file structure-v8.csv (CSV, C-alpha atoms and all ligand atoms)
chain,number,residue,atom,x,y,z
L,1,MET,CA,67.1,105.1,-67.0
L,2,ILE,CA,66.2,102.3,-64.6
L,3,ASN,CA,63.4,100.2,-66.0
L,4,TYR,CA,61.8,98.2,-63.2
L,5,SER,CA,58.8,97.4,-65.3
L,6,LYS,CA,60.4,94.8,-67.6
L,7,ASP,CA,60.0,91.1,-66.8
L,8,PRO,CA,62.8,88.7,-67.9
L,9,ILE,CA,62.3,87.0,-71.2
L,10,ILE,CA,61.3,83.4,-70.4
L,11,GLN,CA,61.6,81.7,-73.8
L,12,TYR,CA,62.9,78.4,-72.7
L,13,LYS,CA,60.3,76.1,-71.0
L,14,ASN,CA,59.9,72.4,-70.6
L,15,GLU,CA,56.9,70.3,-69.8
L,16,LYS,CA,58.6,69.1,-66.6
L,17,VAL,CA,59.4,72.7,-65.5
L,18,TYR,CA,57.0,75.1,-63.7
L,19,SER,CA,56.0,77.9,-66.0
L,20,PRO,CA,55.9,81.3,-64.3
L,21,SER,CA,52.5,81.8,-62.7
L,22,ASP,CA,50.6,84.1,-60.3
L,23,ASP,CA,52.8,83.0,-57.4
L,24,THR,CA,56.0,83.7,-59.3
L,25,PHE,CA,54.7,87.2,-60.3
L,26,LEU,CA,53.6,87.9,-56.7
L,27,ILE,CA,57.3,87.6,-55.8
L,28,VAL,CA,58.7,89.5,-58.9
L,29,ASP,CA,56.2,92.3,-58.5
L,30,TYR,CA,57.1,92.6,-54.8
L,31,PHE,CA,60.8,93.0,-55.5
L,32,ARG,CA,60.0,95.4,-58.3
L,33,LYS,CA,58.6,97.8,-55.6
L,34,ALA,CA,60.6,96.8,-52.6
L,35,VAL,CA,64.1,97.2,-54.0
L,36,THR,CA,65.4,100.8,-54.6
L,37,SER,CA,68.8,102.2,-55.1
L,38,SER,CA,69.5,102.4,-51.3
L,39,SER,CA,67.1,99.8,-49.8
L,40,PHE,CA,66.5,96.1,-50.2
L,41,ASP,CA,63.0,95.8,-48.7
L,42,GLY,CA,63.9,98.3,-45.9
L,43,TYR,CA,67.5,97.0,-45.4
L,44,ASN,CA,70.8,98.5,-46.4
L,45,ILE,CA,71.2,97.3,-50.0
L,46,LYS,CA,74.9,97.2,-49.8
L,47,LYS,CA,74.7,94.5,-47.1
L,48,VAL,CA,73.0,92.1,-49.5
L,49,LYS,CA,75.9,90.1,-50.8
L,50,TYR,CA,74.6,86.6,-51.4
L,51,ILE,CA,71.1,85.8,-52.8
L,52,LEU,CA,69.6,82.4,-53.4
L,53,ASP,CA,66.6,81.5,-55.5
L,54,MET,CA,65.7,78.0,-54.3
L,55,GLY,CA,63.6,75.9,-56.7
L,56,THR,CA,64.3,78.3,-59.5
L,57,GLY,CA,62.3,76.6,-62.3
L,58,THR,CA,62.7,78.6,-65.4
L,59,GLY,CA,65.1,80.9,-63.5
L,60,ILE,CA,62.8,83.9,-63.6
L,61,ILE,CA,63.2,85.2,-60.1
L,62,ALA,CA,67.0,84.9,-60.1
L,63,ILE,CA,67.1,86.5,-63.6
L,64,PHE,CA,64.8,89.3,-62.4
L,65,LEU,CA,67.1,90.0,-59.4
L,66,GLN,CA,70.1,89.9,-61.8
L,67,MET,CA,68.3,92.5,-63.9
L,68,LEU,CA,67.9,94.7,-60.9
L,69,SER,CA,71.5,94.3,-60.0
L,70,SER,CA,72.6,95.3,-63.5
L,71,GLN,CA,70.5,98.5,-63.1
L,72,LEU,CA,71.5,99.5,-59.6
L,73,SER,CA,75.1,100.2,-58.9
L,74,SER,CA,74.5,99.7,-55.1
L,75,LEU,CA,73.3,96.1,-55.6
L,76,ASN,CA,76.1,93.7,-56.3
L,77,PRO,CA,75.2,90.3,-54.8
L,78,LYS,CA,76.4,86.9,-56.0
L,79,ILE,CA,73.1,85.4,-57.2
L,80,TYR,CA,72.6,81.6,-56.9
L,81,ALA,CA,69.8,79.6,-58.3
L,82,SER,CA,69.1,75.9,-57.6
L,83,ASP,CA,66.6,73.2,-58.4
L,84,ILE,CA,66.0,69.5,-57.9
L,85,MET,CA,65.2,69.1,-61.5
L,86,LYS,CA,68.1,69.1,-64.0
L,87,GLU,CA,65.6,70.1,-66.7
L,88,ALA,CA,64.9,73.3,-64.7
L,89,ILE,CA,68.7,74.1,-64.4
L,90,ILE,CA,69.0,73.7,-68.2
L,91,CYS,CA,66.0,75.9,-68.9
L,92,ALA,CA,67.1,78.5,-66.4
L,93,LYS,CA,70.6,78.6,-67.9
L,94,ASN,CA,69.2,79.1,-71.4
L,95,ASN,CA,66.9,81.9,-70.1
L,96,GLU,CA,69.8,83.5,-68.3
L,97,LYS,CA,71.7,83.6,-71.7
L,98,ILE,CA,68.9,85.1,-73.7
L,99,ASN,CA,68.5,87.8,-71.1
L,100,ASN,CA,72.2,88.6,-71.7
L,101,PHE,CA,73.5,87.4,-68.3
L,102,LYS,CA,75.3,84.3,-69.4
L,103,GLY,CA,77.6,83.1,-66.6
L,104,GLU,CA,76.5,85.6,-64.1
L,105,ILE,CA,74.1,83.5,-62.1
L,106,ARG,CA,75.6,80.4,-60.3
L,107,PHE,CA,73.4,77.4,-60.8
L,108,ILE,CA,73.3,74.4,-58.4
L,109,HIS,CA,71.5,71.1,-59.2
L,110,SER,CA,70.4,70.0,-55.7
L,111,ASP,CA,67.6,68.5,-53.6
L,112,LEU,CA,67.3,71.5,-51.3
L,113,PHE,CA,70.8,72.1,-49.8
L,114,LYS,CA,72.0,68.5,-50.0
L,115,SER,CA,74.5,69.1,-52.8
L,116,PHE,CA,75.5,72.7,-51.9
L,117,PRO,CA,79.3,73.2,-51.6
L,118,LYS,CA,80.7,73.8,-48.1
L,119,LYS,CA,82.0,77.2,-49.2
L,120,LEU,CA,78.4,78.4,-49.2
L,121,THR,CA,77.7,77.8,-45.5
L,122,TYR,CA,77.0,81.0,-43.5
L,123,LYS,CA,76.8,83.0,-46.7
L,124,PHE,CA,73.3,84.0,-47.8
L,125,ASN,CA,71.6,87.2,-46.8
L,126,VAL,CA,68.4,86.6,-48.8
L,127,ILE,CA,66.8,83.3,-49.8
L,128,ILE,CA,63.6,83.1,-51.9
L,129,PHE,CA,61.7,79.8,-52.2
L,130,ASN,CA,58.5,79.5,-54.1
L,131,PRO,CA,58.1,75.9,-53.1
L,132,PRO,CA,55.7,73.1,-54.1
L,133,TYR,CA,52.9,74.0,-51.7
L,134,LEU,CA,49.8,72.0,-52.4
L,135,PRO,CA,48.7,69.0,-50.4
L,136,ALA,CA,49.3,65.7,-52.2
L,137,LEU,CA,45.7,64.6,-51.7
L,138,GLU,CA,45.3,62.2,-54.5
L,139,ILE,CA,48.9,61.1,-54.7
L,140,LYS,CA,49.3,57.5,-53.4
L,141,THR,CA,52.8,57.8,-52.1
L,142,ASP,CA,54.1,60.8,-50.1
L,143,LYS,CA,57.1,61.2,-52.3
L,144,PRO,CA,56.6,63.2,-55.4
L,145,SER,CA,57.5,61.5,-58.6
L,146,THR,CA,60.3,62.8,-60.8
L,147,ASP,CA,58.4,65.1,-63.0
L,148,ILE,CA,56.2,68.3,-62.8
L,149,ASP,CA,54.9,67.0,-59.5
L,150,TYR,CA,58.0,68.6,-57.9
L,151,SER,CA,56.4,72.0,-58.8
L,152,TRP,CA,53.3,71.6,-56.8
L,153,ASN,CA,53.3,68.6,-54.6
L,154,GLY,CA,54.4,69.9,-51.2
L,155,GLY,CA,53.8,66.5,-49.4
L,156,GLU,CA,50.8,65.0,-47.5
L,157,GLU,CA,49.9,68.3,-45.8
L,158,GLY,CA,51.3,70.6,-48.5
L,159,TYR,CA,54.1,72.1,-46.4
L,160,GLU,CA,56.6,69.2,-45.9
L,161,THR,CA,59.0,70.4,-48.5
L,162,LEU,CA,59.0,73.9,-47.0
L,163,LEU,CA,59.6,72.4,-43.5
L,164,GLU,CA,62.5,70.4,-44.8
L,165,PHE,CA,63.8,73.6,-46.3
L,166,PHE,CA,63.6,75.3,-42.9
L,167,ASN,CA,65.4,72.3,-41.3
L,168,GLN,CA,68.3,72.7,-43.6
L,169,VAL,CA,68.5,76.5,-44.2
L,170,VAL,CA,70.0,77.9,-41.0
L,171,PRO,CA,73.7,76.8,-41.7
L,172,PHE,CA,73.5,78.6,-45.0
L,173,LEU,CA,72.4,81.9,-43.6
L,174,ASN,CA,74.9,84.7,-42.7
L,175,PRO,CA,75.1,84.4,-38.9
L,176,ASP,CA,76.5,87.9,-38.4
L,177,HIS,CA,74.1,90.0,-36.2
L,178,ASN,CA,74.7,93.0,-38.4
L,179,ALA,CA,74.0,91.2,-41.6
L,180,VAL,CA,70.8,91.3,-43.6
L,181,CYS,CA,69.0,87.9,-43.2
L,182,LEU,CA,65.7,87.5,-44.9
L,183,LEU,CA,63.7,84.5,-46.2
L,184,TYR,CA,60.9,84.9,-48.7
L,185,PHE,CA,58.5,82.1,-49.3
L,186,ILE,CA,55.1,81.3,-50.7
L,187,THR,CA,52.3,79.5,-48.9
L,188,SER,CA,48.7,78.8,-49.8
L,189,SER,CA,45.6,79.5,-47.6
L,190,ARG,CA,44.9,75.8,-48.1
L,191,VAL,CA,47.8,74.9,-45.7
L,192,LEU,CA,48.1,75.9,-42.1
L,193,ARG,CA,50.3,79.0,-42.1
L,194,ASP,CA,50.3,79.3,-38.2
L,195,ASN,CA,52.2,76.0,-37.9
L,196,ILE,CA,54.9,77.4,-40.3
L,197,SER,CA,55.2,80.7,-38.3
L,198,GLU,CA,55.6,78.8,-35.0
L,199,ILE,CA,58.3,76.6,-36.5
L,200,LEU,CA,60.1,79.6,-37.8
L,201,LEU,CA,59.8,81.4,-34.5
L,202,LYS,CA,61.6,78.5,-32.8
L,203,LEU,CA,64.4,78.9,-35.4
L,204,GLY,CA,64.6,82.6,-34.5
L,205,PHE,CA,62.5,84.1,-37.3
L,206,GLU,CA,59.5,86.4,-37.2
L,207,THR,CA,57.2,85.9,-40.1
L,208,ASN,CA,54.9,88.4,-41.8
L,209,ILE,CA,52.6,88.4,-44.7
L,210,ILE,CA,53.9,90.9,-47.2
L,211,ALA,CA,51.7,90.3,-50.3
L,212,LYS,CA,48.6,88.2,-51.1
L,213,LYS,CA,46.6,87.3,-54.2
L,214,HIS,CA,43.2,85.5,-54.4
L,215,ILE,CA,43.2,82.9,-57.2
L,216,PHE,CA,40.1,80.7,-57.7
L,217,PHE,CA,39.8,78.7,-54.5
L,218,GLU,CA,42.8,79.9,-52.5
L,219,ASP,CA,44.9,82.9,-51.4
L,220,ILE,CA,48.5,82.7,-52.5
L,221,ILE,CA,50.6,84.4,-49.8
L,222,LEU,CA,54.0,85.8,-49.9
L,223,ASN,CA,55.7,85.6,-46.5
L,224,ARG,CA,58.8,87.3,-45.3
L,225,ALA,CA,60.8,85.8,-42.3
L,226,VAL,CA,63.2,88.2,-40.6
L,227,ARG,CA,65.9,86.8,-38.2
L,228,ILE,CA,65.2,88.2,-34.7
L,229,SER,CA,67.3,85.9,-32.5
L,230,TYR,CA,70.4,83.8,-33.0
L,301,LIG,C1,56.2,76.3,-57.7
L,301,LIG,S1,57.7,75.9,-58.6
L,301,LIG,C2,58.5,77.5,-58.6
L,301,LIG,C3,59.4,77.8,-59.8
L,301,LIG,C4,59.9,79.2,-59.9
L,301,LIG,N1,60.7,79.6,-58.7
L,301,LIG,C5,58.8,80.2,-60.1
L,301,LIG,O1,58.4,80.9,-59.1
L,301,LIG,O2,58.2,80.2,-61.2
L,301,LIG,C6,58.6,75.0,-57.4
L,301,LIG,C7,60.0,74.7,-57.8
L,301,LIG,O3,60.7,74.0,-56.7
L,301,LIG,C8,61.5,72.9,-57.3
L,301,LIG,N2,61.7,72.0,-56.2
L,301,LIG,C9,60.7,71.1,-55.6
L,301,LIG,N3,61.3,70.4,-54.7
L,301,LIG,C10,62.6,70.8,-54.6
L,301,LIG,C11,63.7,70.4,-53.7
L,301,LIG,N4,63.5,69.4,-52.8
L,301,LIG,N5,64.9,71.0,-53.9
L,301,LIG,C12,65.0,72.0,-54.8
L,301,LIG,N6,64.0,72.4,-55.7
L,301,LIG,C13,62.8,71.8,-55.5
L,301,LIG,C14,60.6,72.4,-58.4
L,301,LIG,O4,61.4,71.6,-59.3
L,301,LIG,C15,60.1,73.7,-59.0
L,301,LIG,O5,61.0,74.2,-60.0

call {"tool": "encode", "arguments": {"input": "structure-v8.csv", "output": "structure tokens", "more": "lines below"}}
Ligand SMILES: C[S@@+](CC[C@H](N)C(=O)[O-])C[C@H]1O[C@@H](n2cnc3c(N)ncnc32)[C@H](O)[C@@H]1O
result
Amino acid sequence: MINYSKDPIIQYKNEKVYSPSDDTFLIVDYFRKAVTSSSFDGYNIKKVKYILDMGTGTGIIAIFLQMLSSQLSSLNPKIYASDIMKEAIICAKNNEKINNFKGEIRFIHSDLFKSFPKKLTYKFNVIIFNPPYLPALEIKTDKPSTDIDYSWNGGEEGYETLLEFFNQVVPFLNPDHNAVCLLYFITSSRVLRDNISEILLKLGFETNIIAKKHIFFEDIILNRAVRISY
């Protein structure tokens, strides 16, 4: 019996690593509903061969997708998870192990795609990024420091890390016209989403809001970008 209702066990945390929060669960809950035995969010599930969870933190999203894969015989992707913080990679590996997936997720310690191996170019069908997305209002320099700031400080305007991600992502996406090619990312209503959609359109992606949650002073938005031109 497939049990989509379970969340991964996230036992390993670290003060420098983002603890799963409302934005995380917006993504997990979306995939819980959008992935079935034949469809990955409306696309042929068998065509989803490489998935990347960028900025994995505790590893929860990658582990959740690995859980789905273990329950669905039609879903057999190679799942990668990466983070700029080595503490996050350590946490995520430990969480992978206690969820009984030891060695199944491939972890990469990297600032965005900078340390990705060449063999991963043109590979990914699905990339998820819950980025740091808040404006660095009261931070004096525009570079985040090497601690928990990486989890929330998205740069001066709040979307610089996400834009840098878009600048680097295309060579890592499967370029085949018949391949599934989807990007999922979180934004906040506090940053200008229209700018992001325009930039993605220039890169050949159409962006839609697929889920939203109001938390205190902002809406947390889950966006999906679908490749429409090459
Ligand atoms: C908002 S947290 C999300 C963590 C996890 N994916 C989740 O949803 O719970 C953002 C994550 O992105 C990572 N991150 C920030 N800048 C990054 C970069 N340049 N390259 C890779 N990861 C980055 C942070 O270390 C942090 O783990």

call {"tool": "residues_near_ligand", "arguments": {"input": "structure-v8.csv", "ligand": "ligand LIG 301 (chain L)", "cutoff": "8 Å", "atoms": "all atoms listed in the file", "output": "PyMOL selection string"}}
result
chain L and resi 17-21+23-25+27+53-61+82-85+88+109-113+129-133+148-154+161+165

call {"tool": "residues_around", "arguments": {"input": "structure-v8.csv", "residues": "Lys102 in chain L", "least_positions_apart": "5", "cutoff": "8 Å", "atoms": "all atoms listed in the file", "output": "ChimeraX atom specification"}}
result
/L:93,96-97

call {"tool": "closest_residue", "arguments": {"input": "structure-v8.csv", "among": "L:Leu162, L:Phe216, L:Gln11, L:Arg224", "to": "Phe31 in chain L", "atoms": "all atoms listed in the file"}}
result
L:Arg224

call {"tool": "atom_distance", "arguments": {"input": "structure-v8.csv", "atom1": "CA of Tyr4 in chain L", "atom2": "CA of Leu68 in chain L"}}
result
7.4 Å

call {"tool": "atom_distance", "arguments": {"input": "structure-v8.csv", "atom1": "CA of Ser188 in chain L", "atom2": "CA of Thr207 in chain L"}}
result
14.7 Å

call {"tool": "closest_atom_pairs", "arguments": {"input": "structure-v8.csv", "of": "range 25-64 of chain L", "to": "range 175-178 of chain L", "cutoff": "12 Å", "atoms": "all atoms listed in the file", "output": "Markdown table"}}
result
| residue | atom | partner | partner_atom | distance |
| --- | --- | --- | --- | --- |
| L:Tyr43 | CA | L:Asn178 | CA | 10.8 |
| L:Asn44 | CA | L:Asn178 | CA | 10.5 |
| L:Lys47 | CA | L:Asn178 | CA | 8.8 |
| L:Val48 | CA | L:Asn178 | CA | 11.3 |

call {"tool": "atom_distance", "arguments": {"input": "structure-v8.csv", "atom1": "CA of Leu222 in chain L", "atom2": "CA of Phe40 in chain L"}}
result
16.2 Å

call {"tool": "residues_around", "arguments": {"input": "structure-v8.csv", "residues": "Val126 in chain L", "least_positions_apart": "5", "cutoff": "10 Å", "atoms": "all atoms listed in the file", "output": "PyMOL selection string"}}
result
chain L and resi 40+48-53+77+79+173-174+180-184+226

call {"tool": "residues_around", "arguments": {"input": "structure-v8.csv", "residues": "Asp194 in chain L", "least_positions_apart": "5", "cutoff": "12 Å", "atoms": "only C-alpha atoms", "output": "PDB file with C-alpha atoms, in the coordinates of the input"}}
result
ATOM      1  CA  TYR L 159      54.100  72.100 -46.400  1.00  0.00           C
ATOM      2  CA  THR L 187      52.300  79.500 -48.900  1.00  0.00           C
ATOM      3  CA  SER L 188      48.700  78.800 -49.800  1.00  0.00           C
ATOM      4  CA  SER L 189      45.600  79.500 -47.600  1.00  0.00           C
ATOM      5  CA  ILE L 199      58.300  76.600 -36.500  1.00  0.00           C
ATOM      6  CA  LEU L 200      60.100  79.600 -37.800  1.00  0.00           C
ATOM      7  CA  LEU L 201      59.800  81.400 -34.500  1.00  0.00           C
ATOM      8  CA  GLU L 206      59.500  86.400 -37.200  1.00  0.00           C
ATOM      9  CA  THR L 207      57.200  85.900 -40.100  1.00  0.00           C
ATOM     10  CA  ASN L 208      54.900  88.400 -41.800  1.00  0.00           C
ATOM     11  CA  ILE L 209      52.600  88.400 -44.700  1.00  0.00           C
ATOM     12  CA  ASN L 223      55.700  85.600 -46.500  1.00  0.00           C
TER      13      ASN L 223
END

call {"tool": "closest_residue", "arguments": {"input": "structure-v8.csv", "among": "L:Ile63, L:Val28, L:Leu134, L:Ala211", "to": "Pro8 in chain L", "atoms": "all atoms listed in the file"}}
result
L:Ile63

call {"tool": "closest_residue", "arguments": {"input": "structure-v8.csv", "among": "L:Ile45, L:Leu26, L:Met67, L:Ala136", "to": "Arg190 in chain L", "atoms": "all atoms listed in the file"}}
result
L:Ala136

call {"tool": "decode", "arguments": {"input": "structure-v8.csv", "residues": "range 159-192 of chain L", "atoms": "N, CA and C atoms", "output": "JSON list (two decimals), in the first residue's frame"}}
result
[["chain", "number", "residue", "atom", "x", "y", "z"],
["L", 159, "TYR", "N", 16.27, 38.34, -4.46],
["L", 159, "TYR", "CA", 16.22, 37.30, -5.50],
["L", 159, "TYR", "C", 17.54, 37.10, -6.25],
["L", 160, "GLU", "N", 18.63, 37.68, -5.74],
["L", 160, "GLU", "CA", 19.91, 37.55, -6.45],
["L", 160, "GLU", "C", 20.40, 36.10, -6.52],
["L", 161, "THR", "N", 20.24, 35.35, -5.44],
["L", 161, "THR", "CA", 20.69, 33.94, -5.48],
["L", 161, "THR", "C", 19.88, 33.16, -6.51],
["L", 162, "LEU", "N", 18.56, 33.43, -6.54],
["L", 162, "LEU", "CA", 17.69, 32.75, -7.50],
["L", 162, "LEU", "C", 18.08, 33.13, -8.93],
["L", 163, "LEU", "N", 18.37, 34.41, -9.16],
["L", 163, "LEU", "CA", 18.77, 34.83, -10.52],
["L", 163, "LEU", "C", 20.09, 34.17, -10.93],
["L", 164, "GLU", "N", 21.01, 34.08, -10.00],
["L", 164, "GLU", "CA", 22.29, 33.42, -10.30],
["L", 164, "GLU", "C", 22.05, 31.94, -10.62],
["L", 165, "PHE", "N", 21.11, 31.35, -9.90],
["L", 165, "PHE", "CA", 20.72, 29.95, -10.19],
["L", 165, "PHE", "C", 20.22, 29.85, -11.64],
["L", 166, "PHE", "N", 19.35, 30.79, -12.05],
["L", 166, "PHE", "CA", 18.84, 30.75, -13.43],
["L", 166, "PHE", "C", 19.96, 30.96, -14.44],
["L", 167, "ASN", "N", 20.92, 31.83, -14.08],
["L", 167, "ASN", "CA", 22.06, 32.06, -14.99],
["L", 167, "ASN", "C", 22.85, 30.79, -15.23],
["L", 168, "GLN", "N", 22.89, 29.92, -14.24],
["L", 168, "GLN", "CA", 23.75, 28.73, -14.34],
["L", 168, "GLN", "C", 23.00, 27.46, -14.74],
["L", 169, "VAL", "N", 21.65, 27.48, -14.64],
["L", 169, "VAL", "CA", 20.92, 26.20, -14.68],
["L", 169, "VAL", "C", 20.82, 25.57, -16.08],
["L", 170, "VAL", "N", 20.69, 26.39, -17.12],
["L", 170, "VAL", "CA", 20.32, 25.82, -18.43],
["L", 170, "VAL", "C", 21.25, 24.70, -18.91],
["L", 171, "PRO", "N", 22.59, 24.83, -18.81],
["L", 171, "PRO", "CA", 23.43, 23.73, -19.29],
["L", 171, "PRO", "C", 23.26, 22.41, -18.51],
["L", 172, "PHE", "N", 22.55, 22.47, -17.40],
["L", 172, "PHE", "CA", 22.35, 21.22, -16.63],
["L", 172, "PHE", "C", 20.99, 20.59, -16.91],
["L", 173, "LEU", "N", 20.19, 21.24, -17.74],
["L", 173, "LEU", "CA", 18.86, 20.71, -18.05],
["L", 173, "LEU", "C", 18.91, 19.84, -19.29],
["L", 174, "ASN", "N", 18.08, 18.82, -19.30],
["L", 174, "ASN", "CA", 18.00, 17.95, -20.48],
["L", 174, "ASN", "C", 17.47, 18.77, -21.67],
["L", 175, "PRO", "N", 18.26, 18.89, -22.74],
["L", 175, "PRO", "CA", 17.87, 19.77, -23.85],
["L", 175, "PRO", "C", 16.94, 19.12, -24.87],
["L", 176, "ASP", "N", 16.65, 17.82, -24.69],
["L", 176, "ASP", "CA", 15.83, 17.09, -25.65],
["L", 176, "ASP", "C", 14.40, 17.67, -25.64],
["L", 177, "HIS", "N", 13.88, 17.99, -26.79],
["L", 177, "HIS", "CA", 12.54, 18.58, -26.89],
["L", 177, "HIS", "C", 11.46, 17.66, -26.34],
["L", 178, "ASN", "N", 11.73, 16.36, -26.38],
["L", 178, "ASN", "CA", 10.72, 15.41, -25.88],
["L", 178, "ASN", "C", 10.91, 15.08, -24.40],
["L", 179, "ALA", "N", 11.93, 15.67, -23.80],
["L", 179, "ALA", "CA", 12.19, 15.35, -22.38],
["L", 179, "ALA", "C", 11.31, 16.20, -21.47],
["L", 180, "VAL", "N", 11.10, 15.71, -20.28],
["L", 180, "VAL", "CA", 10.43, 16.53, -19.25],
["L", 180, "VAL", "C", 11.47, 17.53, -18.74],
["L", 181, "CYS", "N", 11.06, 18.78, -18.60],
["L", 181, "CYS", "CA", 12.00, 19.80, -18.14],
["L", 181, "CYS", "C", 11.26, 20.82, -17.26],
["L", 182, "LEU", "N", 11.36, 20.65, -15.97],
["L", 182, "LEU", "CA", 10.58, 21.45, -15.02],
["L", 182, "LEU", "C", 11.47, 22.02, -13.93],
["L", 183, "LEU", "N", 11.22, 23.29, -13.61],
["L", 183, "LEU", "CA", 11.90, 23.91, -12.47],
["L", 183, "LEU", "C", 10.85, 24.31, -11.44],
["L", 184, "TYR", "N", 11.12, 23.99, -10.20],
["L", 184, "TYR", "CA", 10.22, 24.39, -9.10],
["L", 184, "TYR", "C", 11.02, 25.29, -8.17],
["L", 185, "PHE", "N", 10.45, 26.43, -7.80],
["L", 185, "PHE", "CA", 11.18, 27.30, -6.88],
["L", 185, "PHE", "C", 10.22, 28.16, -6.07],
["L", 186, "ILE", "N", 10.70, 28.53, -4.91],
["L", 186, "ILE", "CA", 9.90, 29.34, -3.98],
["L", 186, "ILE", "C", 10.27, 30.81, -4.15],
["L", 187, "THR", "N", 9.23, 31.67, -4.11],
["L", 187, "THR", "CA", 9.47, 33.11, -3.99],
["L", 187, "THR", "C", 8.58, 33.63, -2.85],
["L", 188, "SER", "N", 8.87, 34.86, -2.44],
["L", 188, "SER", "CA", 8.04, 35.50, -1.41],
["L", 188, "SER", "C", 7.32, 36.67, -2.06],
["L", 189, "SER", "N", 6.12, 37.00, -1.56],
["L", 189, "SER", "CA", 5.40, 38.17, -2.09],
["L", 189, "SER", "C", 6.18, 39.45, -1.80],
["L", 190, "ARG", "N", 7.21, 39.36, -0.96],
["L", 190, "ARG", "CA", 8.01, 40.55, -0.65],
["L", 190, "ARG", "C", 9.01, 40.89, -1.76],
["L", 191, "VAL", "N", 9.22, 39.96, -2.69],
["L", 191, "VAL", "CA", 10.10, 40.30, -3.81],
["L", 191, "VAL", "C", 9.30, 40.28, -5.11],
["L", 192, "LEU", "N", 9.78, 41.03, -6.10],
["L", 192, "LEU", "CA", 9.03, 41.23, -7.33],
["L", 192, "LEU", "C", 9.08, 39.98, -8.20]]
